[in-house]
Structure formats: C-alpha cells, structure tokens
$ cat upload.cif   # mmCIF, C-alpha atoms
data_run
loop_
_atom_site.label_atom_id
_atom_site.label_comp_id
_atom_site.auth_asym_id
_atom_site.auth_seq_id
_atom_site.Cartn_x
_atom_site.Cartn_y
_atom_site.Cartn_z
CA MET A 1 -15.88 -5.41 150.77
CA THR A 2 -12.67 -5.67 152.83
CA ALA A 3 -9.35 -3.89 153.37
CA GLN A 4 -8.74 -0.45 151.90
CA GLU A 5 -7.13 0.13 148.53
CA PRO A 6 -4.34 2.67 147.94
CA LYS A 7 -5.47 6.23 148.70
CA THR A 8 -4.49 7.66 145.32
CA PRO A 9 -4.75 4.84 142.78
CA GLU A 10 -4.15 5.43 139.10
CA THR A 11 -7.33 5.42 137.08
CA GLY A 12 -8.45 4.49 133.59
CA VAL A 13 -6.29 2.46 131.22
CA ARG A 14 -3.08 3.59 132.92
CA GLY A 15 -4.28 2.22 136.25
CA GLU A 16 -5.24 -1.09 134.64
CA VAL A 17 -1.87 -1.49 132.95
CA ASN A 18 0.28 -0.37 135.88
CA GLN A 19 -1.66 -1.79 138.83
CA ASP A 20 -4.20 -4.43 137.86
CA ARG A 21 -1.67 -6.66 136.12
CA PHE A 22 0.38 -7.38 139.25
CA VAL A 23 -0.87 -9.43 142.20
CA GLY A 24 1.63 -10.23 144.90
CA GLY A 25 4.53 -9.77 142.49
CA GLN A 26 2.96 -12.06 139.88
CA ASP A 27 2.39 -10.56 136.44
CA LEU A 28 -1.03 -11.64 135.20
CA THR A 29 -0.06 -10.77 131.62
CA ARG A 30 2.62 -13.46 131.46
CA TRP A 31 1.38 -16.75 129.99
CA LYS A 32 3.53 -19.85 130.39
CA SER A 33 1.33 -22.39 128.59
CA PRO A 34 1.03 -22.71 124.79
CA ILE A 35 -2.76 -22.49 125.10
CA GLY A 36 -2.47 -19.22 127.00
CA ARG A 37 -0.15 -17.72 124.40
CA PHE A 38 -2.50 -18.87 121.64
CA MET A 39 -5.44 -17.15 123.35
CA VAL A 40 -3.38 -13.97 123.66
CA ARG A 41 -2.75 -13.96 119.91
CA ILE A 42 -6.46 -14.37 119.21
CA ALA A 43 -7.32 -11.57 121.67
CA GLN A 44 -4.77 -9.28 120.02
CA ARG A 45 -6.30 -9.88 116.59
CA ILE A 46 -9.79 -9.14 117.86
CA THR A 47 -8.53 -6.00 119.56
CA ALA A 48 -6.87 -4.81 116.37
CA PHE A 49 -10.23 -4.85 114.59
CA LEU A 50 -12.76 -4.08 117.31
CA GLY A 51 -10.91 -2.56 120.27
CA PRO A 52 -9.90 -3.94 123.70
CA TYR A 53 -13.33 -3.79 125.33
CA ALA A 54 -14.88 -5.62 122.38
CA ALA A 55 -12.22 -8.30 122.72
CA LEU A 56 -13.05 -8.65 126.40
CA VAL A 57 -16.79 -8.94 125.72
CA ILE A 58 -16.28 -11.49 122.92
CA THR A 59 -13.98 -13.59 125.11
CA LEU A 60 -16.53 -13.53 127.91
CA ALA A 61 -19.30 -14.53 125.49
CA VAL A 62 -17.26 -17.52 124.32
CA GLY A 63 -16.53 -18.40 127.93
CA LEU A 64 -20.23 -18.20 128.74
CA ALA A 65 -21.03 -20.66 125.96
CA VAL A 66 -18.39 -23.01 127.34
CA VAL A 67 -19.68 -22.82 130.89
CA LEU A 68 -23.28 -23.35 129.79
CA ALA A 69 -22.17 -26.49 127.97
CA LEU A 70 -20.31 -27.49 131.14
CA ALA A 71 -23.49 -26.94 133.16
CA LEU A 72 -25.39 -29.22 130.78
CA VAL A 73 -22.79 -31.99 131.06
CA PHE A 74 -22.54 -31.53 134.82
CA GLY A 75 -26.32 -31.76 135.11
CA GLU A 76 -26.44 -34.98 133.12
CA VAL A 77 -23.86 -36.57 135.39
CA TYR A 78 -25.64 -35.22 138.45
CA GLU A 79 -28.99 -36.59 137.25
CA SER A 80 -27.50 -40.03 136.64
CA VAL A 81 -26.08 -40.12 140.15
CA THR A 82 -29.38 -38.96 141.61
CA GLU A 83 -31.32 -41.64 139.76
CA ALA A 84 -29.00 -44.23 141.24
CA ASP A 85 -29.70 -42.87 144.75
CA GLY A 86 -26.06 -41.99 145.05
CA VAL A 87 -26.79 -38.72 146.86
CA ALA A 88 -29.47 -40.01 149.19
CA GLY A 89 -26.86 -40.95 151.75
CA LEU A 90 -25.61 -37.36 151.82
CA ASP A 91 -28.64 -35.12 151.30
CA HIS A 92 -31.12 -36.56 153.77
CA PRO A 93 -28.80 -36.85 156.80
CA VAL A 94 -27.62 -33.26 156.29
CA LEU A 95 -31.21 -32.00 156.06
CA ASP A 96 -32.12 -33.95 159.20
CA ALA A 97 -29.14 -32.41 161.01
CA ALA A 98 -30.25 -28.93 159.93
CA LYS A 99 -33.78 -29.53 161.20
CA SER A 100 -32.43 -30.64 164.55
CA VAL A 101 -30.78 -27.27 165.27
CA ARG A 102 -33.61 -25.00 164.11
CA SER A 103 -35.33 -22.54 166.41
CA PRO A 104 -37.87 -19.76 165.73
CA ALA A 105 -35.33 -16.99 166.31
CA LEU A 106 -32.62 -18.69 164.24
CA ASN A 107 -35.09 -19.36 161.44
CA VAL A 108 -35.93 -15.65 161.21
CA ALA A 109 -32.26 -14.65 161.25
CA VAL A 110 -31.20 -17.17 158.60
CA THR A 111 -34.17 -16.26 156.39
CA ALA A 112 -33.19 -12.59 156.54
CA TYR A 113 -29.59 -13.46 155.77
CA THR A 114 -30.35 -15.77 152.85
CA ASP A 115 -32.45 -13.02 151.25
CA ILE A 116 -29.20 -11.09 150.73
CA GLY A 117 -28.24 -13.70 148.14
CA GLY A 118 -31.67 -13.70 146.50
CA THR A 119 -33.06 -12.17 143.33
CA ILE A 120 -33.41 -8.74 144.97
CA GLY A 121 -30.59 -8.51 147.47
CA MET A 122 -27.76 -9.81 145.29
CA PRO A 123 -28.43 -7.56 142.26
CA ILE A 124 -28.65 -4.47 144.49
CA ILE A 125 -25.33 -5.30 146.13
CA ALA A 126 -23.72 -6.04 142.76
CA VAL A 127 -24.94 -2.79 141.16
CA VAL A 128 -23.83 -0.61 144.09
CA ILE A 129 -20.35 -2.14 144.17
CA MET A 130 -20.10 -2.05 140.37
CA ILE A 131 -20.92 1.66 140.19
CA TRP A 132 -18.53 2.46 143.02
CA LEU A 133 -15.65 0.57 141.39
CA ALA A 134 -16.34 2.03 137.94
CA LEU A 135 -16.42 5.60 139.22
CA ARG A 136 -13.43 5.14 141.49
CA ARG A 137 -11.30 3.65 138.72
CA ARG A 138 -12.84 5.59 135.82
CA SER A 139 -13.08 2.40 133.84
CA TRP A 140 -15.79 0.27 132.23
CA THR A 141 -13.93 -2.92 133.13
CA PRO A 142 -15.64 -3.50 136.53
CA VAL A 143 -19.03 -2.98 134.85
CA ILE A 144 -18.28 -5.49 132.09
CA LEU A 145 -16.87 -8.09 134.48
CA ILE A 146 -19.61 -7.88 137.13
CA VAL A 147 -22.50 -7.70 134.65
CA THR A 148 -21.16 -10.61 132.61
CA ALA A 149 -20.38 -12.70 135.67
CA GLY A 150 -23.87 -12.11 137.07
CA LEU A 151 -25.54 -12.78 133.71
CA GLY A 152 -23.67 -16.05 133.35
CA SER A 153 -24.68 -17.29 136.78
CA LEU A 154 -28.29 -16.31 136.10
CA LEU A 155 -28.37 -18.15 132.78
CA MET A 156 -26.85 -21.26 134.35
CA THR A 157 -29.46 -21.17 137.10
CA ILE A 158 -32.35 -20.81 134.65
CA ALA A 159 -31.02 -23.47 132.28
CA GLY A 160 -30.33 -25.95 135.07
CA LYS A 161 -33.75 -25.58 136.64
CA GLN A 162 -35.60 -25.90 133.32
CA LEU A 163 -33.57 -28.83 132.02
CA PHE A 164 -33.48 -31.05 135.09
CA GLY A 165 -36.39 -29.98 137.28
CA ARG A 166 -35.22 -31.67 140.45
CA ALA A 167 -37.75 -31.46 143.27
CA ARG A 168 -36.89 -29.50 146.39
CA PRO A 169 -37.16 -31.05 149.86
CA ASN A 170 -40.75 -31.54 151.05
CA LEU A 171 -42.47 -28.39 152.28
CA SER A 172 -42.96 -30.11 155.62
CA ASP A 173 -39.15 -30.08 155.97
CA ALA A 174 -38.74 -26.42 154.94
CA VAL A 175 -38.98 -23.09 156.73
CA PRO A 176 -41.49 -20.62 155.22
CA PRO A 177 -41.72 -18.64 153.02
CA TYR A 178 -41.71 -21.65 150.71
CA GLU A 179 -40.15 -21.80 147.26
CA HIS A 180 -41.57 -23.85 144.41
CA SER A 181 -39.10 -23.61 141.52
CA PRO A 182 -36.90 -26.64 140.72
CA SER A 183 -34.07 -27.30 143.13
CA PHE A 184 -31.04 -27.82 140.86
CA PRO A 185 -28.87 -25.79 140.98
CA SER A 186 -29.20 -23.49 143.98
CA GLY A 187 -29.49 -20.01 142.46
CA HIS A 188 -28.64 -18.26 145.73
CA SER A 189 -25.46 -20.33 146.06
CA LEU A 190 -24.41 -19.88 142.44
CA ASN A 191 -25.07 -16.14 142.29
CA SER A 192 -23.43 -15.40 145.63
CA ILE A 193 -20.20 -17.25 144.87
CA VAL A 194 -19.93 -15.65 141.43
CA ILE A 195 -20.66 -12.07 142.52
CA ALA A 196 -18.61 -12.28 145.71
CA GLY A 197 -15.80 -13.94 143.78
CA ILE A 198 -15.59 -11.42 140.95
CA VAL A 199 -15.86 -8.44 143.31
CA ALA A 200 -13.10 -9.90 145.49
CA TYR A 201 -10.94 -10.43 142.40
CA ILE A 202 -11.38 -6.84 141.20
CA ILE A 203 -10.57 -5.47 144.66
CA ILE A 204 -7.54 -7.75 145.11
CA LEU A 205 -6.00 -6.31 141.95
CA ARG A 206 -5.42 -3.01 143.76
CA LEU A 207 -4.52 -4.30 147.23
CA GLU A 208 -0.88 -3.92 148.23
CA THR A 209 -0.42 -6.43 151.04
CA THR A 210 -0.79 -10.19 151.28
CA ARG A 211 -2.78 -9.78 154.47
CA ALA A 212 -5.34 -7.56 152.76
CA ARG A 213 -5.68 -10.01 149.88
CA VAL A 214 -6.13 -12.96 152.23
CA VAL A 215 -8.77 -11.11 154.26
CA THR A 216 -10.63 -10.23 151.06
CA ILE A 217 -10.64 -13.86 149.92
CA LEU A 218 -11.76 -15.08 153.34
CA VAL A 219 -14.63 -12.59 153.55
CA ALA A 220 -15.87 -13.42 150.05
CA SER A 221 -15.55 -17.15 150.70
CA ALA A 222 -17.34 -16.93 154.04
CA PHE A 223 -20.21 -15.02 152.43
CA ALA A 224 -20.62 -17.54 149.59
CA ILE A 225 -20.35 -20.56 151.87
CA THR A 226 -22.79 -19.30 154.48
CA ILE A 227 -25.36 -18.28 151.85
CA GLY A 228 -25.17 -21.79 150.42
CA LEU A 229 -25.46 -23.48 153.81
CA SER A 230 -28.41 -21.25 154.70
CA ARG A 231 -30.31 -22.81 151.80
CA VAL A 232 -29.81 -26.26 153.28
CA TYR A 233 -30.64 -25.11 156.80
CA LEU A 234 -33.97 -23.68 155.62
CA GLY A 235 -34.81 -26.84 153.69
CA HIS A 236 -35.03 -24.94 150.39
CA HIS A 237 -32.31 -27.00 148.71
CA TRP A 238 -30.52 -30.28 149.03
CA LEU A 239 -26.84 -30.08 149.93
CA THR A 240 -25.88 -31.49 146.53
CA ASP A 241 -27.74 -28.61 144.82
CA VAL A 242 -25.50 -26.23 146.71
CA LEU A 243 -22.31 -28.19 145.99
CA ALA A 244 -23.17 -28.28 142.29
CA ALA A 245 -23.79 -24.53 142.29
CA TRP A 246 -20.43 -23.88 143.93
CA ALA A 247 -18.64 -26.06 141.35
CA LEU A 248 -20.34 -24.31 138.43
CA GLY A 249 -19.69 -20.90 139.97
CA ILE A 250 -15.98 -21.57 140.43
CA ALA A 251 -15.69 -22.79 136.83
CA TRP A 252 -17.42 -19.65 135.54
CA LEU A 253 -15.26 -17.41 137.73
CA ALA A 254 -12.12 -19.03 136.34
CA LEU A 255 -13.28 -18.25 132.80
CA VAL A 256 -14.17 -14.64 133.62
CA ILE A 257 -10.80 -14.09 135.29
CA THR A 258 -9.02 -15.67 132.31
CA ALA A 259 -10.88 -13.30 129.97
CA HIS A 260 -9.81 -10.33 132.08
CA ARG A 261 -6.19 -11.50 132.08
CA LEU A 262 -6.30 -11.62 128.28
CA TYR A 263 -7.67 -8.08 128.24
CA LEU A 264 -4.89 -6.89 130.57
CA THR A 265 -2.29 -8.63 128.43
CA VAL A 266 -3.44 -6.87 125.27
CA ARG A 267 -3.56 -3.51 127.08
CA ALA A 268 -0.09 -3.97 128.60
CA ARG A 269 1.55 -5.07 125.35
CA HIS A 270 0.01 -2.17 123.49
CA ALA A 271 1.32 0.25 126.15
CA GLU A 272 4.79 -1.31 125.96
CA HIS A 273 4.74 -0.98 122.17
CA VAL A 274 3.78 2.70 122.36
CA VAL A 275 6.55 3.43 124.85
CA SER A 276 9.19 1.61 122.80
#

$ encode --input "upload.cif" --output "structure tokens"
Amino acid sequence: MTAQEPKTPETGVRGEVNQDRFVGGQDLTRWKSPIGRFMVRIAQRITAFLGPYAALVITLAVGLAVVLALALVFGEVYESVTEADGVAGLDHPVLDAAKSVRSPALNVAVTAYTDIGGTIGMPIIAVVIMIWLALRRRSWTPVILIVTAGLGSLLMTIAGKQLFGRARPNLSDAVPPYEHSPSFPSGHSLNSIVIAGIVAYIIILRLETTRARVVTILVASAFAITIGLSRVYLGHHWLTDVLAAWALGIAWLALVITAHRLYLTVRARHAEHVVS
C-alpha cells in the first residue's frame, strides 16, 4: 500500500516475535494497565489448551460481540438524536454543498472511485493484499486479521441497516446508479476504514522508519476519508451516516489490534521461555 518493507524480512513465527512486536521502539507485548495484564493471562490460558491461533480467533470473536453491542448502543443514541432533528442542521447543508459542486465529469469519476469501496471492489483488494502478505510472511496471521476485520465491518453494516432502517437522501438529490438499502451506517465508509486500517497496521509492523509509517497511515487515512466523502457527494448517504461508520470502524480496529497484541505477547513470552 505504501513504502517498502525490509528486503529480507524474517518469516513465520520467528518474524512475528522478532519484528512485529516492535513499532518505533515501542514493544507491543508490554502491557502497563492491570486490564491489559489480565487479558494477557486469559490469552495465555487459552493458548495452553488450544494453541496461539485459536486464542487469537477467540479473542477476536469476543471483540466482535463487544463491537456489535457497541453498534447497537451507538445506533440507539443516533436514532434518538435524529428523531429530535439534531442532525438536520448538519446533514442537509452538507448535501446542498455537495450538489453545488457536481458536474457530469466529476460525477463519473467519483462514482468510479466510490465503487472501489463497494461490495465488489473492497473484497477483491482485501483478498489480494491478504494473500500477498500471508505468502510473503509465511504466516496465517494476516489472513485471520483481515478476514475477521472485514467480517466484523460487514456484520455491523448489516445489523445497523436492518435495525434502524434510516432513509437515504431523496433520489432527486442523488447521482445514479441509485441505491435503495437503508442509509445507516454507510457500508462503504465502514468497510474502507476497517480494511485500509488493518492493512496499514500489518504493514507498519515491518516498516523500519518513522517516515514510512507516517506515509502508510496518511495513505490509508486519505483512502478511508475520501471514500466516505464520496458517498455524501453522490447523495447516497447523509454525512452523519459516514461519521457513524468511521466511529464504529475505529472502535472495531482498536479491538482487532488489541487482539493481535495479545497474540504477539503470548508468542513472545513463549519464545523467551524456550530460550531461557
């Protein structure tokens, strides 16, 4: 996605233990909070019975349940604000501003771009990057992280649309081809921030310079932000649908990254124990 990784990186478990655990001099396997240390103990117990990958999958499953509950609570709050017309002062002016800058050529370009974050474009990108990372690193970890991250964002999108059913902007305000599913949350925005975020995270683990890490974060952020804004420009979503998707996506990313840190911690401590 961005700057190059080391030419001869270590692969497999050894690469994960020796390279993935350090980012800019910070050891991701060191937990300062009591809650973090408690989670490490739980992860170690699961690993002892089922293995490290099983522990990672179980942690991600628990995290997914948490984020789905968060999506439900977030949606309830969002719906209450909407019913009170609290978002009308934000959504409609932004849509009007988007309509004012439209042109036939720009509409075609933005439609083509937003399709990258759709139900066809985003999975293709995710699978290609996932396979490349898995083969390059000879590890199942990128597969588990990307598949779980994408599945979580998909489930949140489906649940949010079915539970709240918010109407999209009027078709007269939208650019064809039209979409008819509920508006909350924006699936394009949620999926793009989650996939771009987890791919950027995996890549950053092997980057050696601060500049390369910053460029990676900026590219991933720019992609997620512009996909979200394209949905508003085209009149397919309200701005608040996009903002909600970004918030849910960031929360889910934080949980996925936490699960991976627990996995790295268990791997690293096991390696240290073997050496000693």

$ atom_distance --input "upload.cif" --atom1 "CA of Ser186 (chain A)" --atom2 "CA of Ala224 (chain A)"
11.9 Å

$ closest_residue --input "upload.cif" --among "A:Glu16, A:Glu208, A:Asp241, A:Asp96" --to "Pro185 (chain A)" --atoms "all atoms listed in the file"
A:Asp241

$ closest_residue --input "upload.cif" --among "A:Leu264, A:Ile227, A:Val147, A:Leu243" --to "Ile198 (chain A)" --atoms "all atoms listed in the file"
A:Val147

$ atom_distance --input "upload.cif" --atom1 "CA of Ala271 (chain A)" --atom2 "CA of Leu255 (chain A)"
24.5 Å

$ atom_distance --input "upload.cif" --atom1 "CA of Leu64 (chain A)" --atom2 "CA of Ile144 (chain A)"
13.3 Å

$ residues_around --input "upload.cif" --residues "Ile42 (chain A)" --least-positions-apart "5" --cutoff "12 Å" --atoms "only C-alpha atoms" --output "VMD selection string"
chain A and resid 35 to 37 47 to 49 52 55 to 56 58 to 59 259 262 to 263 265 to 266

$ resolve_selection --input "upload.cif" --expression "the PyMOL selection byres ((chain A and resi 166) around 7)" --output "MDAnalysis selection string"
chainID A and resid 164:165 167:168 182:184

$ resolve_selection --input "upload.cif" --expression "the PyMOL selection byres ((chain A and resi 177) around 10)" --output "PyMOL selection string"
chain A and resi 111+171+174-176+178-179+234+236

$ resolve_selection --input "upload.cif" --expression "the PyMOL selection byres ((chain A and resi 209-222) around 10)" --output "JSON list (two decimals) with C-alpha atoms, in the coordinates of the input"
[["chain", "number", "residue", "atom", "x", "y", "z"],
["A", 1, "MET", "CA", -15.88, -5.41, 150.77],
["A", 2, "THR", "CA", -12.67, -5.67, 152.83],
["A", 3, "ALA", "CA", -9.35, -3.89, 153.37],
["A", 4, "GLN", "CA", -8.74, -0.45, 151.90],
["A", 5, "GLU", "CA", -7.13, 0.13, 148.53],
["A", 23, "VAL", "CA", -0.87, -9.43, 142.20],
["A", 24, "GLY", "CA", 1.63, -10.23, 144.90],
["A", 192, "SER", "CA", -23.43, -15.40, 145.63],
["A", 193, "ILE", "CA", -20.20, -17.25, 144.87],
["A", 194, "VAL", "CA", -19.93, -15.65, 141.43],
["A", 195, "ILE", "CA", -20.66, -12.07, 142.52],
["A", 196, "ALA", "CA", -18.61, -12.28, 145.71],
["A", 197, "GLY", "CA", -15.80, -13.94, 143.78],
["A", 198, "ILE", "CA", -15.59, -11.42, 140.95],
["A", 199, "VAL", "CA", -15.86, -8.44, 143.31],
["A", 200, "ALA", "CA", -13.10, -9.90, 145.49],
["A", 201, "TYR", "CA", -10.94, -10.43, 142.40],
["A", 203, "ILE", "CA", -10.57, -5.47, 144.66],
["A", 204, "ILE", "CA", -7.54, -7.75, 145.11],
["A", 205, "LEU", "CA", -6.00, -6.31, 141.95],
["A", 206, "ARG", "CA", -5.42, -3.01, 143.76],
["A", 207, "LEU", "CA", -4.52, -4.30, 147.23],
["A", 208, "GLU", "CA", -0.88, -3.92, 148.23],
["A", 223, "PHE", "CA", -20.21, -15.02, 152.43],
["A", 224, "ALA", "CA", -20.62, -17.54, 149.59],
["A", 225, "ILE", "CA", -20.35, -20.56, 151.87],
["A", 226, "THR", "CA", -22.79, -19.30, 154.48],
["A", 227, "ILE", "CA", -25.36, -18.28, 151.85],
["A", 228, "GLY", "CA", -25.17, -21.79, 150.42]]

$ residues_around --input "upload.cif" --residues "Asp91 (chain A)" --least-positions-apart "5" --cutoff "10 Å" --atoms "only C-alpha atoms" --output "ChimeraX atom specification"
/A:86,96,169,232,237-241

$ closest_residue --input "upload.cif" --among "A:Val256, A:Val13, A:Leu72, A:Ala61" --to "Arg137 (chain A)" --atoms "all atoms listed in the file"
A:Val13

$ residues_around --input "upload.cif" --residues "Ala71 (chain A)" --least-positions-apart "6" --cutoff "8 Å" --atoms "all atoms listed in the file" --output "PyMOL selection string"
chain A and resi 156+160+248

$ closest_residue --input "upload.cif" --among "A:Gly150, A:Gly15, A:Gly63, A:Pro93" --to "Leu190 (chain A)" --atoms "all atoms listed in the file"
A:Gly150

$ axis_aligned_box --input "upload.cif" --around "region 51-59 of chain A" --padding-each-side "3 Å" --output "lines of an AutoDock Vina configuration file"
center_x = -13.3
center_y = -8.1
center_z = 123.3
size_x = 12.9
size_y = 17.0
size_z = 12.1

$ closest_residue --input "upload.cif" --among "A:Ile46, A:Ile125, A:Ile116, A:Ala149" --to "Ile250 (chain A)" --atoms "only C-alpha atoms"
A:Ala149
